[in-house]
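Working notes, structure below.
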Amino acid sequence: TGDAAATQAGSPYTVLPGIMNTTYSFTETATDNAGNETDGYVNSIVVDNATGSGFNSATVTIGNLNASASTYATIAFNSTLDVPANGKIAVTFPPTLNVLGVNTVSNESNIEIGLTPVILGQTITLTRAAGAAITAGTLVSFRLSPVVNPSAGGTTGNFGLATKTAADLNLSNITTIPGVTIVSTTPATPAPTPNVVVGGGGGGGGGGGGGSYFLNVKKKTESAPAEKATTPAIPGLHGAALAAFAAFTDTVSHWAKTYIDKIAALGIVQGKTPTQYAPNDNISRAEILKIAINAFGFEIPESLTEKPLPDVETDAWYAPYIKAAFDNKIIYGFEKGIGPNTPASRGLAATILAKAAGFTDVQDNFQKNYLSHSNWTYAHFPDVSMESYYAPFVAYLFDKGIISGYENNTFGPGNPITRAEIAKIVVNILEKFISPEDSELAQDGKPDEEMMNGQGLSDVGDEAI
């Protein structure tokens with residue numbers, strides 16, 4: 001308006017470069033020789049830069065390049081044009097990658113959290129919320145997960161990237177971002193589910209007493225072969241109890257039935273009654289410590305002469321398990337008491353189980369994949385602050401495929417963990433990282449050095465949970 005004077009029909013008006021995808025309004029008026037003007041009206045047009053590039057840089061990288069891996073894609077770009085509030089970012093993956101399950105968007109740099117991916121074929125679109133525009137020249141980076149690699153090695157093909165207006169008009173657009181090379185791997189033999197083996201014969205007693213059942217496990221590492229485990233046997237699972245898990249009537253249609261059956265069969269947990277597991281009930285701090293000690297083969301003291309903590313009596317059923325957890329540095333720093341009957345939070349549960357399992361590269365993983373990004377404020381989940389004591393452990397369990405969080409892409413670290421959820425985490429750790437191939441009983445009855453060297457919850461006290 002006011003920028004062009006038409007003296008005759010067809011007079012041109014040129015839209016200058018650098019202002020594409022802008023709505024232009026033209027007011028038309030007619031003036032007679034006496035200077036009288038007719039009423040004008042506004043006619044709008046939009047100039048769409050549908051074929052240009054508009055990116056200073058644009059890359060897509062894949063976190064794990066092994067064939068068939070379930071991993072994440074990191075998208076980074078620097079656009080020559082603003083990405084407006086309510087605008088869109090669309091990433092097109094080559095058909096070799098499976099993106100149908102993508103449900104998580106993780107902010108790495110200069111993009112808001114809480115975006116929901118919309119999948120249409122191989123294109124995933126994120127719609128920004130109302131607010132400020134992302135100005136031209138700003139480096140934007142985010143992760144999409146899970147992305148599943150093809151089963152065979154080779155180059156994936158090119159990626160595409162576009163920024164758009166709220167009306168789906170292209171701002172910047174590129175279809176030639178170089179693909180990545182997937183590495184062929186020899187399929188590994190799946191680790192068998194940890195099982196129960198009969199140990200040393202048993203002895204007297206009444207009819208049907210038979211021998212005791214023991215769980216013997218050997219830890220696996222992802223780099224070097226594991227040394228022979230020195231984990232002690234877990235006693236207490238006898239013939240009748242071995243089949244008892246099948247009698248749980250409240251898990252028949254529960255999503256966690258398979259996990260619950262497995263840890264019950266291993267004697268790691270018991271039902272609240274012979275027929276009731278109560279999968280949706282919360283679990284206490286004392287109960288989760290017992291599960292951790294049982295699941296990963298730590299020795300418990302036969303008796304206590306003094307209280308391990310001010311609020312833990314020596315004759316309490318959980319006292320030996322809490323004592324074992326502190327002796328093995330799974331937890332510490334609760335000088336005022338642990339609150340044994342307090343519901344355990346999801347953040348605390350992730351910490352305890354990761355430490356009891358003996359993972360030694362938790363902090364290295366956190367430094368490499370999270371702390372190295374100076375502008376990150378949370379660890380994968382937007383409600384897991386980088387500064388929280390549980391962040392390294394939650395991030396590690398997520399990166400290893402042991403936990404996945406809620407459907408809304410949060411983890412809920414302060415929420416109480418349920419008996420069903422704890423069963424899933426324990427079974428995932430056992431199946432992914434513990435091998436039952438060595439069934440010898442330990443000689444010294446102590447956990448191996450990797451388990452002993454974990455970092456505890458020092459200086460967190462009551463406020464950390």
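Each chain in the structure tokens gets a letter, A, B and so on, in the order shown; residues start at 1 in every chain, and ligands are counted from 1 in the order they appear.
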
Would you give me, as JSON lines, each residue of range 305-406 of chain A having an atom within 10 Å of an atom of range 51-71 of chain A, along with its shortest atom pair and that distance in Å to one decimal, using only C-alpha atoms and sorting by chain and residue number?
```
{"residue": "A:Asp399", "atom": "CA", "partner": "A:Thr71", "partner_atom": "CA", "distance": 8.6}
{"residue": "A:Lys400", "atom": "CA", "partner": "A:Thr71", "partner_atom": "CA", "distance": 9.8}
{"residue": "A:Gly401", "atom": "CA", "partner": "A:Ser70", "partner_atom": "CA", "distance": 8.6}
```

Query raised in the report: If you count only C-alpha atoms, which residues fall within 6 Å of Ile283 in chain A, apart from same-chain ones fewer than 6 positions away, as a VMD selection string?
Result: chain A and resid 343 418 to 419

Would you mind exporting the chosen residues as a short mmCIF file (atom, residue, chain, number, x, y, z; two decimals), in the first residue's frame, restricted to C-alpha atoms?
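The resulting file, part-v5.cif, is shown below:
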```cif
data_model
loop_
_atom_site.label_atom_id
_atom_site.label_comp_id
_atom_site.auth_asym_id
_atom_site.auth_seq_id
_atom_site.Cartn_x
_atom_site.Cartn_y
_atom_site.Cartn_z
CA PRO A 343 6.53 -44.43 48.95
CA THR A 418 4.23 -48.82 41.36
CA ARG A 419 4.83 -52.52 41.91
#
```

Practice problem: Compile the contact shell of range 96-109 of chain A as a VMD selection string: residues with an atom at most 10 Å away, counting only C-alpha atoms, same-chain residues fewer than 6 positions apart removed. | Solution: chain A and resid 68 70 72 to 76 115 to 124 126 138 to 152 154 to 157 370 373 to 382 404 to 405 407 to 410

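The residue set within 7 Å of Pro413 in chain A, counting only C-alpha atoms and dropping same-chain residues fewer than 5 places from it, reads Ser345, Arg346, Gly347 and Val384 of chain A.
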